[in-house]
>>> print(open('protein13.cif').read())   # mmCIF, C-alpha atoms
data_input
loop_
_atom_site.label_atom_id
_atom_site.label_comp_id
_atom_site.auth_asym_id
_atom_site.auth_seq_id
_atom_site.Cartn_x
_atom_site.Cartn_y
_atom_site.Cartn_z
CA MET A 1 -15.86 18.18 -4.05
CA PHE A 2 -17.26 15.53 -1.71
CA GLU A 3 -20.72 17.09 -1.87
CA ARG A 4 -21.14 15.66 -5.36
CA PHE A 5 -20.18 12.17 -4.22
CA THR A 6 -22.92 9.56 -4.13
CA GLY A 7 -23.47 7.72 -0.85
CA GLN A 8 -21.61 4.73 -2.26
CA ALA A 9 -18.64 6.85 -3.33
CA ARG A 10 -18.49 8.34 0.15
CA ALA A 11 -18.59 4.84 1.60
CA VAL A 12 -15.58 3.96 -0.57
CA VAL A 13 -13.60 6.87 0.89
CA VAL A 14 -14.53 5.81 4.43
CA HIS A 15 -13.53 2.20 3.71
CA ALA A 16 -10.25 3.40 2.15
CA GLN A 17 -9.42 5.19 5.37
CA GLU A 18 -10.16 2.06 7.41
CA ILE A 19 -8.09 -0.13 5.11
CA ALA A 20 -5.16 2.32 5.26
CA ARG A 21 -5.34 2.30 9.05
CA GLU A 22 -5.52 -1.50 9.22
CA GLN A 23 -2.37 -1.62 7.13
CA HIS A 24 -0.69 0.87 9.48
CA SER A 25 -0.27 3.30 6.63
CA ALA A 26 0.20 6.97 7.40
CA ARG A 27 -1.73 8.03 4.30
CA ILE A 28 -4.65 6.92 2.17
CA GLY A 29 -3.02 5.65 -1.01
CA THR A 30 -4.60 4.90 -4.37
CA GLU A 31 -4.24 1.21 -3.50
CA HIS A 32 -6.48 1.70 -0.46
CA LEU A 33 -9.09 3.45 -2.59
CA LEU A 34 -8.93 0.59 -5.06
CA LEU A 35 -9.42 -2.07 -2.37
CA ALA A 36 -12.26 0.01 -0.93
CA LEU A 37 -14.13 -0.23 -4.25
CA PHE A 38 -14.55 -3.94 -3.49
CA ALA A 39 -15.91 -3.09 -0.04
CA VAL A 40 -18.97 -1.45 -1.64
CA PRO A 41 -20.24 -4.39 -3.71
CA GLU A 42 -23.46 -2.60 -4.74
CA GLY A 43 -21.40 0.14 -6.43
CA LEU A 44 -20.94 0.19 -10.18
CA ALA A 45 -17.15 0.00 -9.80
CA ALA A 46 -17.44 -3.37 -8.05
CA THR A 47 -19.74 -4.58 -10.84
CA ILE A 48 -17.25 -3.44 -13.47
CA LEU A 49 -14.29 -5.04 -11.69
CA ALA A 50 -16.23 -8.29 -11.38
CA ARG A 51 -17.11 -8.17 -15.06
CA LEU A 52 -13.44 -7.61 -15.90
CA GLN A 53 -12.69 -10.62 -13.71
CA VAL A 54 -10.56 -8.76 -11.22
CA SER A 55 -11.02 -9.97 -7.65
CA ARG A 56 -10.14 -8.30 -4.39
CA SER A 57 -7.88 -11.18 -3.36
CA GLU A 58 -5.91 -10.93 -6.61
CA ILE A 59 -5.43 -7.20 -6.21
CA GLN A 60 -4.41 -7.70 -2.59
CA ALA A 61 -1.83 -10.27 -3.63
CA ASP A 62 -0.52 -7.93 -6.34
CA LEU A 63 -0.20 -5.10 -3.84
CA ALA A 64 1.56 -7.28 -1.26
CA ARG A 65 4.43 -7.57 -3.69
CA GLY A 66 6.61 -4.51 -3.32
CA GLY A 67 5.21 -3.67 0.11
CA PRO A 68 7.40 -2.58 3.05
CA PHE A 69 8.69 -6.14 3.32
CA ASP A 70 8.60 -7.97 0.03
CA ALA A 71 9.06 -11.65 0.88
CA ASP A 72 9.75 -12.69 -2.72
CA ALA A 73 12.30 -9.93 -3.27
CA LEU A 74 14.09 -10.75 -0.02
CA ALA A 75 14.10 -14.45 -0.89
CA MET A 76 16.02 -13.51 -4.00
CA LEU A 77 18.77 -12.21 -1.72
CA GLY A 78 18.68 -15.42 0.28
CA ILE A 79 16.73 -13.87 3.15
CA ASP A 80 13.78 -15.80 4.53
CA LEU A 81 11.37 -13.12 5.71
CA ASP A 82 9.23 -15.65 7.60
CA GLU A 83 12.28 -16.69 9.58
CA VAL A 84 13.30 -13.08 10.29
CA ARG A 85 9.73 -12.35 11.41
CA ARG A 86 9.70 -15.46 13.60
CA GLN A 87 12.93 -14.40 15.31
CA ALA A 88 11.65 -10.85 15.85
CA ASP A 89 8.37 -12.18 17.27
CA GLU A 90 10.23 -14.47 19.61
CA ALA A 91 12.50 -11.72 20.93
CA PHE A 92 10.12 -8.75 20.96
CA GLY A 93 6.58 -10.15 20.88
CA PRO A 94 4.07 -10.97 18.13
CA GLY A 95 3.94 -8.49 15.25
CA ALA A 96 7.03 -6.64 16.51
CA LEU A 97 8.44 -6.14 13.04
CA GLU A 98 5.24 -4.77 11.57
CA ARG A 99 4.75 -2.46 14.54
CA THR A 100 8.01 -0.59 13.98
CA ARG A 101 7.72 2.95 12.74
CA ALA A 102 9.94 2.08 9.81
CA ALA A 103 7.41 -0.54 8.68
CA ARG A 104 4.55 1.87 9.02
CA SER A 105 6.35 4.19 6.61
CA GLY A 106 5.61 7.58 8.01
CA GLY A 107 5.49 7.51 11.77
CA TRP A 108 2.68 7.84 14.26
CA ARG A 109 -0.56 9.30 13.16
CA SER A 110 -4.03 9.18 14.56
CA GLY A 111 -7.48 10.42 13.70
CA HIS A 112 -8.14 11.17 10.04
CA LEU A 113 -5.47 9.96 7.69
CA PRO A 114 -4.52 12.38 4.93
CA PHE A 115 -4.73 11.39 1.28
CA GLU A 116 -1.41 10.90 -0.44
CA PRO A 117 -0.95 13.32 -3.39
CA ALA A 118 -1.71 10.58 -5.93
CA SER A 119 -5.02 9.86 -4.18
CA LYS A 120 -5.97 13.54 -4.19
CA LYS A 121 -5.21 13.63 -7.87
CA ALA A 122 -7.32 10.50 -8.44
CA LEU A 123 -10.30 12.12 -6.68
CA GLU A 124 -9.92 15.24 -8.84
CA LEU A 125 -9.74 13.07 -11.92
CA ALA A 126 -12.88 11.21 -10.79
CA LEU A 127 -14.68 14.55 -10.82
CA ARG A 128 -13.27 15.31 -14.24
CA GLU A 129 -14.35 11.90 -15.54
CA ALA A 130 -17.89 12.50 -14.25
CA VAL A 131 -18.04 15.91 -15.94
CA HIS A 132 -16.60 14.49 -19.14
CA LEU A 133 -19.27 11.77 -19.23
CA GLY A 134 -21.97 14.35 -18.51
CA HIS A 135 -22.84 12.81 -15.16
CA GLY A 136 -23.92 15.24 -12.46
CA PHE A 137 -22.57 13.10 -9.63
CA ILE A 138 -19.41 11.25 -8.64
CA GLY A 139 -20.07 7.56 -8.20
CA THR A 140 -17.82 4.60 -7.49
CA GLU A 141 -17.42 4.13 -11.26
CA HIS A 142 -15.88 7.59 -11.57
CA LEU A 143 -13.55 6.83 -8.67
CA LEU A 144 -12.40 3.75 -10.56
CA LEU A 145 -11.77 5.85 -13.67
CA GLY A 146 -9.92 8.44 -11.57
CA LEU A 147 -7.68 5.69 -10.21
CA LEU A 148 -6.84 4.45 -13.70
CA HIS A 149 -4.73 7.48 -14.61
CA ASP A 150 -1.71 7.10 -12.36
CA GLY A 151 -0.29 5.59 -9.19
CA ARG A 152 -0.07 2.13 -7.66
CA ALA A 153 -3.74 1.32 -8.21
CA ARG A 154 -3.35 2.05 -11.90
CA ASP A 155 -0.22 -0.09 -12.11
CA VAL A 156 -1.86 -3.22 -10.67
CA LEU A 157 -5.04 -2.70 -12.70
CA VAL A 158 -3.16 -2.25 -15.96
CA ALA A 159 -1.09 -5.34 -15.16
CA ARG A 160 -4.41 -7.19 -14.87
CA GLY A 161 -5.51 -5.88 -18.25
CA VAL A 162 -7.82 -3.15 -16.95
CA GLY A 163 -7.16 0.06 -18.87
CA LEU A 164 -8.69 3.53 -18.84
CA ASP A 165 -10.33 3.57 -22.27
CA GLY A 166 -11.98 0.15 -22.03
CA THR A 167 -13.24 0.84 -18.53
CA ARG A 168 -14.59 4.22 -19.53
CA ALA A 169 -16.54 2.64 -22.39
CA LEU A 170 -17.92 0.07 -19.95
CA VAL A 171 -18.96 2.79 -17.52
CA GLU A 172 -20.79 4.66 -20.26
CA GLU A 173 -22.59 1.52 -21.33
CA LEU A 174 -23.60 0.51 -17.82
CA VAL A 175 -24.71 3.99 -16.78
CA ARG A 176 -26.80 4.28 -19.94
CA LYS A 177 -28.40 0.92 -19.18
CA ARG A 178 -29.05 1.87 -15.59
CA GLN A 179 -30.70 5.13 -16.68
CA ALA A 180 -32.76 3.33 -19.32
CA GLY A 181 -33.79 0.57 -16.94
CA MET B 1 9.30 -20.43 -0.73
CA THR B 2 7.67 -22.30 -3.58
CA ASP B 3 9.53 -23.86 -6.47
CA ALA B 4 7.77 -21.47 -8.81
CA THR B 5 9.09 -18.50 -6.85
CA GLN B 6 12.60 -19.89 -6.90
CA VAL B 7 12.45 -20.37 -10.64
CA ALA B 8 11.08 -16.86 -11.12
CA ALA B 9 13.78 -15.42 -8.87
CA ALA B 10 16.56 -17.27 -10.66
CA ALA B 11 15.26 -16.22 -14.04
CA SER B 12 14.93 -12.57 -13.14
CA SER B 13 17.94 -12.03 -10.92
CA ARG B 14 19.69 -10.04 -13.60
CA ASP B 15 16.68 -7.80 -14.06
CA PRO B 16 17.63 -4.45 -12.46
CA ALA B 17 14.00 -3.75 -11.53
CA VAL B 18 13.85 -6.95 -9.50
CA GLY B 19 17.30 -6.59 -7.98
CA LEU B 20 16.82 -2.95 -6.99
CA ALA B 21 13.40 -3.66 -5.49
CA ALA B 22 14.98 -6.45 -3.45
CA VAL B 23 17.62 -4.06 -2.11
CA ALA B 24 14.93 -1.46 -1.30
CA SER B 25 13.00 -4.12 0.58
CA LEU B 26 16.12 -5.14 2.45
CA ARG B 27 16.67 -1.51 3.46
CA GLY B 28 13.14 -1.39 4.86
CA LEU B 29 13.76 -4.58 6.81
CA LEU B 30 17.06 -3.21 8.09
CA GLU B 31 15.36 -0.05 9.36
CA SER B 32 12.76 -2.08 11.25
CA LEU B 33 15.32 -4.43 12.79
CA GLU B 34 17.51 -1.51 13.85
CA GLU B 35 14.53 0.20 15.42
CA LEU B 36 13.64 -2.94 17.40
CA GLN B 37 17.18 -3.35 18.64
CA VAL B 38 17.64 0.32 19.55
CA GLY B 39 14.33 0.30 21.41
CA ASN B 40 15.33 -2.83 23.29
CA ALA B 41 18.74 -1.39 24.16
CA ARG B 42 17.19 1.81 25.50
CA ALA B 43 14.66 -0.21 27.49
CA GLN B 44 17.59 -2.06 29.05
CA GLY B 45 19.23 1.21 30.01
CA TRP B 46 21.88 1.46 27.32
CA SER B 47 23.18 4.99 26.64
CA TRP B 48 23.08 6.51 23.16
CA GLN B 49 26.88 6.33 23.22
CA GLN B 50 26.84 2.57 23.83
CA ILE B 51 24.21 2.00 21.13
CA ALA B 52 26.14 4.13 18.65
CA GLN B 53 29.33 2.20 19.31
CA ALA B 54 27.60 -1.14 18.81
CA LEU B 55 25.98 0.09 15.59
CA ARG B 56 29.30 1.61 14.51
CA VAL B 57 27.78 5.03 13.84
CA SER B 58 28.18 8.38 15.57
CA ARG B 59 26.25 9.06 18.77
CA GLN B 60 24.69 12.13 17.09
CA ALA B 61 23.45 10.06 14.18
CA VAL B 62 21.67 7.45 16.27
CA HIS B 63 20.34 9.98 18.77
CA LYS B 64 19.03 12.26 16.04
CA LYS B 65 17.34 9.35 14.30
CA TYR B 66 15.56 7.85 17.30
CA ARG B 67 15.14 10.74 19.75
CA ARG B 68 11.88 11.85 18.12
CA PHE B 69 10.42 8.37 18.59
CA GLY B 70 10.65 8.83 22.33
CA ILE B 71 12.63 5.62 22.66
#
>>> encode(input="protein13.cif", output="structure tokens")
Amino acid sequence: MFERFTGQARAVVVHAQEIAREQHSARIGTEHLLLALFAVPEGLAATILARLQVSRSEIQADLARGGPFDADALAMLGIDLDEVRRQADEAFGPGALERTRAARSGGWRSGHLPFEPASKKALELALREAVHLGHGFIGTEHLLLGLLHDGRARDVLVARGVGLDGTRALVEELVRKRQAG
Amino acid sequence: MTDATQVAAAASSRDPAVGLAAVASLRGLLESLEELQVGNARAQGWSWQQIAQALRVSRQAVHKKYRRFGI
């Protein structure tokens, strides 16, 4: 499937892997693919997200909620995560809490990170979106459409008012313009 | 914590989605804290039996859970 990816779409996958690793994730999730779209600003997906007024920092903030340690959720229980983290740092060294295997959700892994099933599905759907639109390649815009079907990336995008149908129409319009220009 | 967060938390505390997510987050935090403490105990030469007693679980349970981590 990757042979039909444009250079920019490949770059997104590479960035997604790096982002997943930085976050100590054992797998490449749809949220990592979504953040990676912003890392390739020349891609059509980044253009579309900018036009829909969705920024990387907003998406990052959305994703931070409901992460392994959700500060807001814990605060609701009367637990101050910053204080817990401070105590753990003091006793076991900086970043001790985040370095635990439990926080990394999935144990030690090295080398290439596997895609989580939802990410695999999103890549397949990107291909399907490209075929459906009559495009002979898979670009960042198709990756964005693939991500809009299901998973965490879809959830945060929909919450920000970015839906599949509207985005698909925008992709069609922009690709047509790009081909005409 | 900001005032806005406090207000949001107070307003939504009866929302099961919020409450359950909070518990799930607490479980994650618990797992990490336990891991740190077990690792520290092992580093200080505690036996699995001693750790299990302190955690009030069976020796098998704690050993099975952490053995694979090479702690």
>>> closest_atom_pairs(input="protein13.cif", of="chain B", to="chain A", cutoff="6 Å", atoms="only C-alpha atoms", output="tab-separated table")
residue	atom	partner	partner_atom	distance
B:Ala9	CA	A:Met76	CA	5.7
B:Ala22	CA	A:Ala73	CA	4.4
B:Ser25	CA	A:Phe69	CA	5.5
B:Glu31	CA	A:Ala102	CA	5.8
B:Ser32	CA	A:Ala102	CA	5.2
>>> resolve_selection(input="protein13.cif", expression="the PyMOL selection byres ((chain A and resi 135-152) around 6)", output="JSON, numbers by chain")
{"A": [4, 5, 6, 9, 31, 43, 44, 45, 122, 125, 126, 130, 131, 133, 134, 153, 154, 155, 164]}
>>> closest_residue(input="protein13.cif", among="A:Gly78, A:Leu127, A:Ala26, A:Gln87", to="Glu3 of chain A", atoms="only C-alpha atoms")
A:Leu127
>>> resolve_selection(input="protein13.cif", expression="the PyMOL selection byres ((chain A and resi 110-120) around 6)", output="list in words")
Arg27, Ile28, Gly29, Thr30, Arg109, Lys121, Ala122 and Leu123 of chain A
>>> resolve_selection(input="protein13.cif", expression="the PyMOL selection byres ((chain B and resi 66) around 12)", output="PyMOL selection string")
(chain A and resi 100-102+107) or (chain B and resi 31-32+34-39+41-42+48+51-52+59-65+67-71)
>>> atom_distance(input="protein13.cif", atom1="atom CA of Gln23 of chain A", atom2="atom CA of Leu33 of chain B")
18.8 Å
>>> residues_around(input="protein13.cif", residues="Ala11 of chain A", least_positions_apart="5", cutoff="9 Å", atoms="only C-alpha atoms", output="list in words")
Thr6, Ala16, Ala36, Leu37, Ala39 and Val40 of chain A
>>> closest_residue(input="protein13.cif", among="A:Arg128, A:Arg168, A:Arg160, A:Arg178", to="Ile59 of chain A", atoms="all atoms listed in the file")
A:Arg160
